[in-house]
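Enquirer: I am sharing model11.txt, which consists of compact mmCIF, C-alpha atoms and all ligand atoms:
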```txt
# COMPACT_ATOMS: atom_id res chain seq x y z
CA MET A 8 192.86 66.92 -108.11
CA SER A 9 194.75 63.86 -106.85
CA VAL A 10 197.23 62.20 -109.21
CA PRO A 11 196.20 58.63 -110.15
CA ILE A 12 198.73 55.81 -109.90
CA CYS A 13 199.93 54.68 -113.35
CA ARG A 14 198.25 51.34 -114.13
CA THR A 15 201.32 50.11 -116.01
CA CYS A 16 204.32 51.00 -113.80
CA GLY A 17 202.79 52.18 -110.51
CA SER A 18 204.37 55.64 -110.72
CA ASP A 19 202.59 58.61 -109.10
CA THR A 20 204.13 61.19 -111.44
CA SER A 21 201.39 61.26 -114.09
CA ARG A 22 200.44 64.58 -115.63
CA PHE A 23 196.87 65.65 -116.43
CA VAL A 24 196.48 66.05 -120.21
CA GLY A 25 192.85 67.15 -120.33
CA ARG A 26 189.21 66.28 -119.80
CA LEU A 27 187.59 63.63 -122.00
CA PRO A 28 184.12 64.48 -123.33
CA VAL A 29 181.00 62.84 -121.94
CA GLY A 30 180.02 59.92 -124.21
CA HIS A 31 176.52 59.91 -125.70
CA VAL A 32 177.19 57.30 -128.40
CA PHE A 33 179.05 53.98 -128.15
CA ALA A 34 179.75 51.57 -130.99
CA GLY A 35 177.30 53.36 -133.24
CA ARG A 36 174.39 53.35 -130.79
CA ARG A 37 173.01 56.32 -128.83
CA LEU A 38 173.23 55.68 -125.08
CA VAL A 39 170.24 56.06 -122.77
CA ASP A 40 172.63 57.00 -119.96
CA ALA A 41 175.62 59.10 -120.99
CA VAL A 42 179.05 57.78 -120.01
CA PRO A 43 181.23 60.19 -118.01
CA GLY A 44 184.40 61.16 -119.86
CA GLY A 45 186.85 61.39 -116.97
CA GLY A 46 190.36 62.67 -117.54
CA LEU A 47 193.30 61.74 -119.76
CA TRP A 48 196.64 61.27 -117.95
CA HIS A 49 200.21 60.73 -119.15
CA CYS A 50 202.76 58.83 -117.05
CA ALA A 51 206.11 60.62 -117.07
CA ASP A 52 207.97 57.42 -116.15
CA CYS A 53 206.68 54.89 -118.72
CA ASP A 54 204.80 57.10 -121.25
CA PHE A 55 201.53 55.21 -120.74
CA VAL A 56 198.56 57.43 -121.56
CA PHE A 57 195.41 56.45 -119.76
CA ARG A 58 191.90 57.42 -118.83
CA HIS A 59 191.10 58.00 -115.17
CA PRO A 60 188.87 57.02 -113.58
CA LEU A 61 188.01 53.85 -115.47
CA LEU A 62 184.40 52.80 -115.85
CA GLY A 63 183.43 49.61 -114.00
CA ASP A 64 183.96 46.25 -115.71
CA ASP A 65 180.18 45.80 -115.72
CA VAL A 66 179.74 49.10 -117.59
CA TYR A 67 182.28 48.20 -120.29
CA GLU A 68 180.77 44.74 -120.69
CA ARG A 69 177.28 46.22 -121.07
CA LEU A 70 178.50 48.80 -123.60
CA TYR A 71 180.31 46.23 -125.76
CA ARG A 72 177.48 43.69 -125.59
CA ALA A 73 175.03 46.33 -126.85
CA GLY A 74 177.32 47.78 -129.54
CA GLY A 75 176.10 48.00 -133.12
CA LEU A 76 177.60 45.77 -135.79
CA GLY A 77 179.66 47.18 -138.59
CA VAL A 78 180.98 50.15 -136.62
CA TRP A 79 184.54 48.95 -136.49
CA ASP A 80 184.19 46.90 -139.67
CA SER A 81 183.57 50.15 -141.53
CA GLU A 82 187.14 51.12 -140.69
CA GLN A 83 188.43 49.01 -143.57
CA ARG A 84 191.79 50.78 -143.77
CA ARG A 85 192.74 50.96 -140.10
CA GLU A 86 196.43 51.73 -140.00
CA ASP A 87 196.96 49.70 -136.80
CA PHE A 88 195.29 46.63 -138.38
CA GLN A 89 197.57 46.95 -141.41
CA LEU A 90 200.64 47.12 -139.10
CA ILE A 91 199.51 44.06 -137.11
CA GLN A 92 198.78 42.15 -140.32
CA ARG A 93 202.25 42.93 -141.70
CA TYR A 94 203.94 42.08 -138.38
CA LEU A 95 202.19 38.70 -138.00
CA ARG A 96 202.98 37.57 -141.55
CA ARG A 97 206.40 36.42 -140.27
CA TRP A 98 204.63 33.55 -138.47
CA ASP A 99 202.80 32.37 -141.57
CA GLY A 100 203.25 28.60 -141.59
CA LEU A 101 204.84 28.62 -138.09
CA ALA A 102 202.20 29.79 -135.63
CA LYS A 103 199.04 27.75 -135.53
CA ASP A 104 196.53 29.12 -133.05
CA VAL A 105 195.88 32.86 -132.76
CA VAL A 106 193.54 34.53 -130.27
CA ASP A 107 192.17 38.04 -130.57
CA ILE A 108 190.88 39.39 -127.24
CA GLY A 109 187.89 41.53 -128.14
CA CYS A 110 187.74 40.19 -131.70
CA TYR A 111 184.31 41.76 -132.37
CA THR A 112 183.25 40.56 -135.86
CA GLY A 113 186.63 38.96 -136.57
CA HIS A 114 187.65 41.70 -138.97
CA LEU A 115 191.30 41.78 -137.83
CA LEU A 116 191.62 37.98 -137.60
CA ALA A 117 190.26 37.62 -141.13
CA LEU A 118 193.21 39.68 -142.42
CA LEU A 119 195.76 37.17 -141.08
CA PRO A 120 197.50 34.39 -143.06
CA LYS A 121 195.29 31.43 -143.99
CA SER A 122 197.64 29.03 -142.15
CA PHE A 123 196.44 30.42 -138.78
CA ARG A 124 193.58 28.89 -136.82
CA LEU A 125 191.47 31.79 -135.56
CA PHE A 126 190.07 32.14 -132.04
CA GLY A 127 188.36 35.08 -130.37
CA VAL A 128 187.12 36.42 -127.07
CA GLU A 129 184.02 38.55 -127.56
CA PRO A 130 181.11 39.60 -125.32
CA ASN A 131 178.80 40.83 -128.10
CA LEU A 132 176.72 37.84 -129.30
CA GLU A 133 175.75 39.37 -132.66
CA ALA A 134 179.41 40.19 -133.34
CA SER A 135 180.42 36.64 -132.36
CA THR A 136 177.98 35.26 -134.90
CA VAL A 137 179.54 37.37 -137.65
CA ALA A 138 183.03 36.33 -136.48
CA ALA A 139 182.01 32.68 -136.83
CA THR A 140 181.15 33.28 -140.50
CA ARG A 141 184.76 34.48 -140.90
CA GLY A 142 186.17 31.24 -139.55
CA VAL A 143 186.66 32.45 -135.97
CA THR A 144 185.92 30.12 -133.07
CA VAL A 145 184.78 32.31 -130.17
CA ILE A 146 186.11 30.58 -127.05
CA ALA A 147 184.98 33.01 -124.31
CA ALA A 148 182.83 36.08 -123.80
CA THR A 149 185.13 37.89 -121.37
CA VAL A 150 188.83 38.11 -120.55
CA ASP A 151 188.09 36.61 -117.13
CA ASP A 152 186.49 33.55 -118.75
CA PHE A 153 189.44 33.30 -121.13
CA ALA A 154 191.90 33.43 -118.21
CA LEU A 155 190.18 30.38 -116.70
CA ALA A 156 190.69 28.30 -119.84
CA SER A 157 193.62 25.90 -119.80
CA ALA A 158 194.28 25.83 -123.54
CA HIS A 159 197.50 27.22 -125.04
CA TYR A 160 197.84 29.51 -128.05
CA ASP A 161 200.78 30.57 -130.19
CA LEU A 162 199.80 34.23 -130.49
CA ILE A 163 197.51 36.38 -128.36
CA MET A 164 196.58 39.90 -129.39
CA ALA A 165 194.40 42.55 -127.78
CA CYS A 166 193.65 45.62 -129.86
CA ASP A 167 191.72 48.52 -128.24
CA VAL A 168 191.64 46.63 -124.95
CA ILE A 169 194.60 47.58 -122.76
CA GLU A 170 193.26 51.07 -122.07
CA HIS A 171 190.29 49.52 -120.23
CA VAL A 172 192.33 47.18 -118.03
CA PRO A 173 192.69 48.25 -114.36
CA ASP A 174 196.01 46.41 -113.78
CA VAL A 175 197.94 46.17 -117.04
CA GLU A 176 200.81 44.01 -115.78
CA ALA A 177 198.47 41.49 -114.18
CA ALA A 178 196.49 41.22 -117.42
CA LEU A 179 199.54 40.33 -119.52
CA PRO A 180 200.74 36.71 -119.57
ZN ZN B 1 203.83 54.46 -115.83
```
Would you write out, as structure tokens, the structure that this file holds?
Ligand SMILES: [Zn+2]
Expert:
Amino acid sequence: MSVPICRTCGSDTSRFVGRLPVGHVFAGRRLVDAVPGGGLWHCADCDFVFRHPLLGDDVYERLYRAGGLGVWDSEQRREDFQLIQRYLRRWDGLAKDVVDIGCYTGHLLALLPKSFRLFGVEPNLEASTVAATRGVTVIAATVDDFALASAHYDLIMACDVIEHVPDVEAALP
């Protein structure tokens, strides 16, 4: 088994952690075609833990577009959302425009201080519609479309996204 290059630091010293199971369900919906699990790797140099190989961008986009609503919303007490919410409170009244890459139904954005203007990037149309009811303006369907936009934002967050990005450094501003 060849060792994949770390997508964060470029090191070739990653260690195989284990096989990931084949996926038969995604975002609450049973898949017609199962998604291969691949392997989980840990980079000894930067501690990044990543899946290899990645699925194609087209596969991820199709999976997220077809995802069921309410799957992630049902996780009302997500610890990471609580941490982000607490962390971002320091910009209450200071930051204006906040973007959530992969905002889904706007659940995380809706937890943020009311002084923020909420923007999202989301490929799933049904989820975007729900996000709009939570005061989120969806500005792009994909990260690539978002990268083409010339607007500026005070805060950009991406939760559950980085593990799907082929070149992590290139994806970060
Ligand atoms: Zn690394």
Enquirer: Set out as CSV a contact list for chain A and ligand ZN 1 (chain B) with a cut-off of 9 Å, giving each residue of chain A that qualifies its closest atom pair and distance in Å to one decimal, counting all atoms listed in the file, ordered by chain and rising residue number.
Expert:
```
residue,atom,partner,partner_atom,distance
A:Ile12,CA,B:ZN1,ZN,7.9
A:Cys13,CA,B:ZN1,ZN,4.6
A:Arg14,CA,B:ZN1,ZN,6.6
A:Thr15,CA,B:ZN1,ZN,5.0
A:Cys16,CA,B:ZN1,ZN,4.0
A:Gly17,CA,B:ZN1,ZN,5.9
A:Ser18,CA,B:ZN1,ZN,5.3
A:Asp19,CA,B:ZN1,ZN,8.0
A:Thr20,CA,B:ZN1,ZN,8.0
A:Ser21,CA,B:ZN1,ZN,7.4
A:His49,CA,B:ZN1,ZN,8.0
A:Cys50,CA,B:ZN1,ZN,4.7
A:Ala51,CA,B:ZN1,ZN,6.7
A:Asp52,CA,B:ZN1,ZN,5.1
A:Cys53,CA,B:ZN1,ZN,4.1
A:Asp54,CA,B:ZN1,ZN,6.1
A:Phe55,CA,B:ZN1,ZN,5.5
A:Val56,CA,B:ZN1,ZN,8.3
```
Enquirer: Interatomic distance between atom CA of Leu162 of chain A and atom CA of Pro120 of chain A?
Expert: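 Atom CA of Pro120 of chain A lies at a distance of 12.8 Å from atom CA of Leu162 of chain A.
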Enquirer: Report, in Å with one decimal, the straight-line distance from atom CA of Val168 of chain A to atom CA of Gly142 of chain A.
Expert: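 Answer for the atom CA of Val168 of chain A to atom CA of Gly142 of chain A separation: 21.9 Å.
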Enquirer: Rounded to one decimal, what separation in Å do you get between atom CA of Lys103 of chain A and atom CA of Thr144 of chain A?
Expert: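 Straight-line distance from atom CA of Lys103 of chain A to atom CA of Thr144 of chain A works out to 13.6 Å.
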Enquirer: Return the single residue from A:Leu119, A:Met164, A:Leu179, A:Leu76 that is closest to Val137 of chain A, with distances computed using all atoms listed in the file.
Expert: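 Going through A:Leu119, A:Met164, A:Leu179, A:Leu76 one by one, the smallest distance to Val137 of chain A is for A:Leu76.
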Enquirer: Leaving out Ala139 of chain A and any residue of its chain fewer than 6 positions from it, which residues lie within 12 Å of it when counting all atoms listed in the file, given as a ChimeraX atom specification?
Expert: /A:110-114,116-117,125-129,132-133,145-146
Enquirer: Between A:Leu38, A:Leu47, A:Leu95, A:Val10, which residue has the minimum interatomic distance to Arg26 of chain A, considering all atoms listed in the file?
Expert: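 Going through A:Leu38, A:Leu47, A:Leu95, A:Val10 one by one, the smallest distance to Arg26 of chain A is for A:Leu47.
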Enquirer: I'd like to know which of A:Ile108, A:Ala165, A:Ala73, A:Leu118 is closest to Arg93 of chain A, using all atoms listed in the file.
Expert: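 Checking each of A:Ile108, A:Ala165, A:Ala73, A:Leu118 against Arg93 of chain A, counting all atoms listed in the file, the winner is A:Leu118.
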Enquirer: Pick the closest to Arg58 of chain A from A:Ala134, A:Val150, A:Val105, A:Val172: which is it, counting all atoms listed in the file?
Expert: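 Under the stated criterion, the closest residue is A:Val172.
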Enquirer: Could you check which of A:Pro28, A:Arg85, A:Trp48, A:His159 is closest to Met8 of chain A, using only C-alpha atoms?
Expert: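 That would be A:Trp48, the residue with the smallest distance to Met8 of chain A.
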Enquirer: Can you tell me, as a list of chain:residue names, which residues sit within 12 Å of (193.2, 41.9, -119.9) in the file's frame, using all atoms listed in the file?
Expert: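 Output of the proximity query reads A:Asp64, A:Asp107, A:Ile108, A:Gly109, A:Val128, A:Thr149, A:Val150, A:Asp151, A:Asp152, A:Phe153, A:Ala154, A:Ile163, A:Met164, A:Ala165, A:Cys166, A:Asp167, A:Val168, A:Ile169, A:Glu170, A:His171, A:Val172, A:Pro173, A:Asp174, A:Val175, A:Glu176, A:Ala177, A:Ala178, A:Leu179, A:Pro180.
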Enquirer: Restricting the calculation to only C-alpha atoms: of A:Ala138, A:Leu70, A:Ile91, A:Leu101, which residue gets closest to Asp40 of chain A?
Expert: A:Leu70
Enquirer: Restore N, CA and C atoms in segment 138-166 of chain A and list the result as a PDB file, keeping the file's coordinate frame.
Expert:
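Output file part_21.pdb follows:
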```pdb
ATOM      1  N   ALA A 138     181.651  36.849-136.537  1.00  0.00           N
ATOM      2  CA  ALA A 138     183.030  36.330-136.480  1.00  0.00           C
ATOM      3  C   ALA A 138     183.056  34.870-136.905  1.00  0.00           C
ATOM      4  N   ALA A 139     182.065  34.106-136.484  1.00  0.00           N
ATOM      5  CA  ALA A 139     182.010  32.680-136.830  1.00  0.00           C
ATOM      6  C   ALA A 139     181.943  32.494-138.353  1.00  0.00           C
ATOM      7  N   THR A 140     181.246  33.386-139.039  1.00  0.00           N
ATOM      8  CA  THR A 140     181.150  33.280-140.500  1.00  0.00           C
ATOM      9  C   THR A 140     182.506  33.581-141.156  1.00  0.00           C
ATOM     10  N   ARG A 141     183.417  34.191-140.388  1.00  0.00           N
ATOM     11  CA  ARG A 141     184.760  34.480-140.900  1.00  0.00           C
ATOM     12  C   ARG A 141     185.772  33.439-140.445  1.00  0.00           C
ATOM     13  N   GLY A 142     185.270  32.328-139.926  1.00  0.00           N
ATOM     14  CA  GLY A 142     186.170  31.240-139.550  1.00  0.00           C
ATOM     15  C   GLY A 142     186.747  31.362-138.156  1.00  0.00           C
ATOM     16  N   VAL A 143     186.160  32.245-137.329  1.00  0.00           N
ATOM     17  CA  VAL A 143     186.660  32.450-135.970  1.00  0.00           C
ATOM     18  C   VAL A 143     185.857  31.590-134.992  1.00  0.00           C
ATOM     19  N   THR A 144     186.568  30.847-134.149  1.00  0.00           N
ATOM     20  CA  THR A 144     185.920  30.120-133.070  1.00  0.00           C
ATOM     21  C   THR A 144     185.970  30.993-131.827  1.00  0.00           C
ATOM     22  N   VAL A 145     184.811  31.461-131.363  1.00  0.00           N
ATOM     23  CA  VAL A 145     184.780  32.310-130.170  1.00  0.00           C
ATOM     24  C   VAL A 145     184.801  31.389-128.948  1.00  0.00           C
ATOM     25  N   ILE A 146     185.869  31.520-128.146  1.00  0.00           N
ATOM     26  CA  ILE A 146     186.110  30.580-127.050  1.00  0.00           C
ATOM     27  C   ILE A 146     185.659  31.120-125.697  1.00  0.00           C
ATOM     28  N   ALA A 147     185.422  32.428-125.579  1.00  0.00           N
ATOM     29  CA  ALA A 147     184.980  33.010-124.310  1.00  0.00           C
ATOM     30  C   ALA A 147     184.338  34.359-124.583  1.00  0.00           C
ATOM     31  N   ALA A 148     183.472  34.778-123.652  1.00  0.00           N
ATOM     32  CA  ALA A 148     182.830  36.080-123.800  1.00  0.00           C
ATOM     33  C   ALA A 148     183.667  37.193-123.150  1.00  0.00           C
ATOM     34  N   THR A 149     184.374  36.858-122.095  1.00  0.00           N
ATOM     35  CA  THR A 149     185.130  37.890-121.370  1.00  0.00           C
ATOM     36  C   THR A 149     186.572  37.439-121.151  1.00  0.00           C
ATOM     37  N   VAL A 150     187.425  38.410-120.837  1.00  0.00           N
ATOM     38  CA  VAL A 150     188.830  38.110-120.550  1.00  0.00           C
ATOM     39  C   VAL A 150     188.925  37.208-119.322  1.00  0.00           C
ATOM     40  N   ASP A 151     188.065  37.441-118.344  1.00  0.00           N
ATOM     41  CA  ASP A 151     188.090  36.610-117.130  1.00  0.00           C
ATOM     42  C   ASP A 151     187.792  35.152-117.472  1.00  0.00           C
ATOM     43  N   ASP A 152     186.803  34.926-118.327  1.00  0.00           N
ATOM     44  CA  ASP A 152     186.490  33.550-118.750  1.00  0.00           C
ATOM     45  C   ASP A 152     187.663  32.943-119.502  1.00  0.00           C
ATOM     46  N   PHE A 153     188.292  33.767-120.355  1.00  0.00           N
ATOM     47  CA  PHE A 153     189.440  33.300-121.130  1.00  0.00           C
ATOM     48  C   PHE A 153     190.587  32.902-120.200  1.00  0.00           C
ATOM     49  N   ALA A 154     190.796  33.699-119.139  1.00  0.00           N
ATOM     50  CA  ALA A 154     191.900  33.430-118.210  1.00  0.00           C
ATOM     51  C   ALA A 154     191.705  32.089-117.501  1.00  0.00           C
ATOM     52  N   LEU A 155     190.457  31.643-117.373  1.00  0.00           N
ATOM     53  CA  LEU A 155     190.180  30.380-116.700  1.00  0.00           C
ATOM     54  C   LEU A 155     190.438  29.174-117.589  1.00  0.00           C
ATOM     55  N   ALA A 156     190.490  29.416-118.908  1.00  0.00           N
ATOM     56  CA  ALA A 156     190.690  28.300-119.840  1.00  0.00           C
ATOM     57  C   ALA A 156     192.125  27.780-119.737  1.00  0.00           C
ATOM     58  N   SER A 157     192.291  26.486-119.957  1.00  0.00           N
ATOM     59  CA  SER A 157     193.620  25.900-119.800  1.00  0.00           C
ATOM     60  C   SER A 157     194.333  25.693-121.131  1.00  0.00           C
ATOM     61  N   ALA A 158     193.680  26.053-122.219  1.00  0.00           N
ATOM     62  CA  ALA A 158     194.280  25.830-123.540  1.00  0.00           C
ATOM     63  C   ALA A 158     195.476  26.765-123.764  1.00  0.00           C
ATOM     64  N   HIS A 159     196.329  26.402-124.708  1.00  0.00           N
ATOM     65  CA  HIS A 159     197.500  27.220-125.040  1.00  0.00           C
ATOM     66  C   HIS A 159     197.381  27.714-126.468  1.00  0.00           C
ATOM     67  N   TYR A 160     197.906  28.909-126.723  1.00  0.00           N
ATOM     68  CA  TYR A 160     197.840  29.510-128.050  1.00  0.00           C
ATOM     69  C   TYR A 160     199.223  30.025-128.433  1.00  0.00           C
ATOM     70  N   ASP A 161     199.475  30.105-129.717  1.00  0.00           N
ATOM     71  CA  ASP A 161     200.780  30.570-130.190  1.00  0.00           C
ATOM     72  C   ASP A 161     200.890  32.089-130.173  1.00  0.00           C
ATOM     73  N   LEU A 162     199.808  32.762-130.469  1.00  0.00           N
ATOM     74  CA  LEU A 162     199.800  34.230-130.490  1.00  0.00           C
ATOM     75  C   LEU A 162     198.524  34.728-129.830  1.00  0.00           C
ATOM     76  N   ILE A 163     198.674  35.746-128.988  1.00  0.00           N
ATOM     77  CA  ILE A 163     197.510  36.380-128.360  1.00  0.00           C
ATOM     78  C   ILE A 163     197.611  37.874-128.625  1.00  0.00           C
ATOM     79  N   MET A 164     196.564  38.452-129.171  1.00  0.00           N
ATOM     80  CA  MET A 164     196.580  39.900-129.390  1.00  0.00           C
ATOM     81  C   MET A 164     195.359  40.531-128.747  1.00  0.00           C
ATOM     82  N   ALA A 165     195.496  41.799-128.412  1.00  0.00           N
ATOM     83  CA  ALA A 165     194.400  42.550-127.780  1.00  0.00           C
ATOM     84  C   ALA A 165     194.500  43.984-128.283  1.00  0.00           C
ATOM     85  N   CYS A 166     193.620  44.309-129.216  1.00  0.00           N
ATOM     86  CA  CYS A 166     193.650  45.620-129.860  1.00  0.00           C
ATOM     87  C   CYS A 166     192.499  46.456-129.286  1.00  0.00           C
TER      88      CYS A 166
END
```
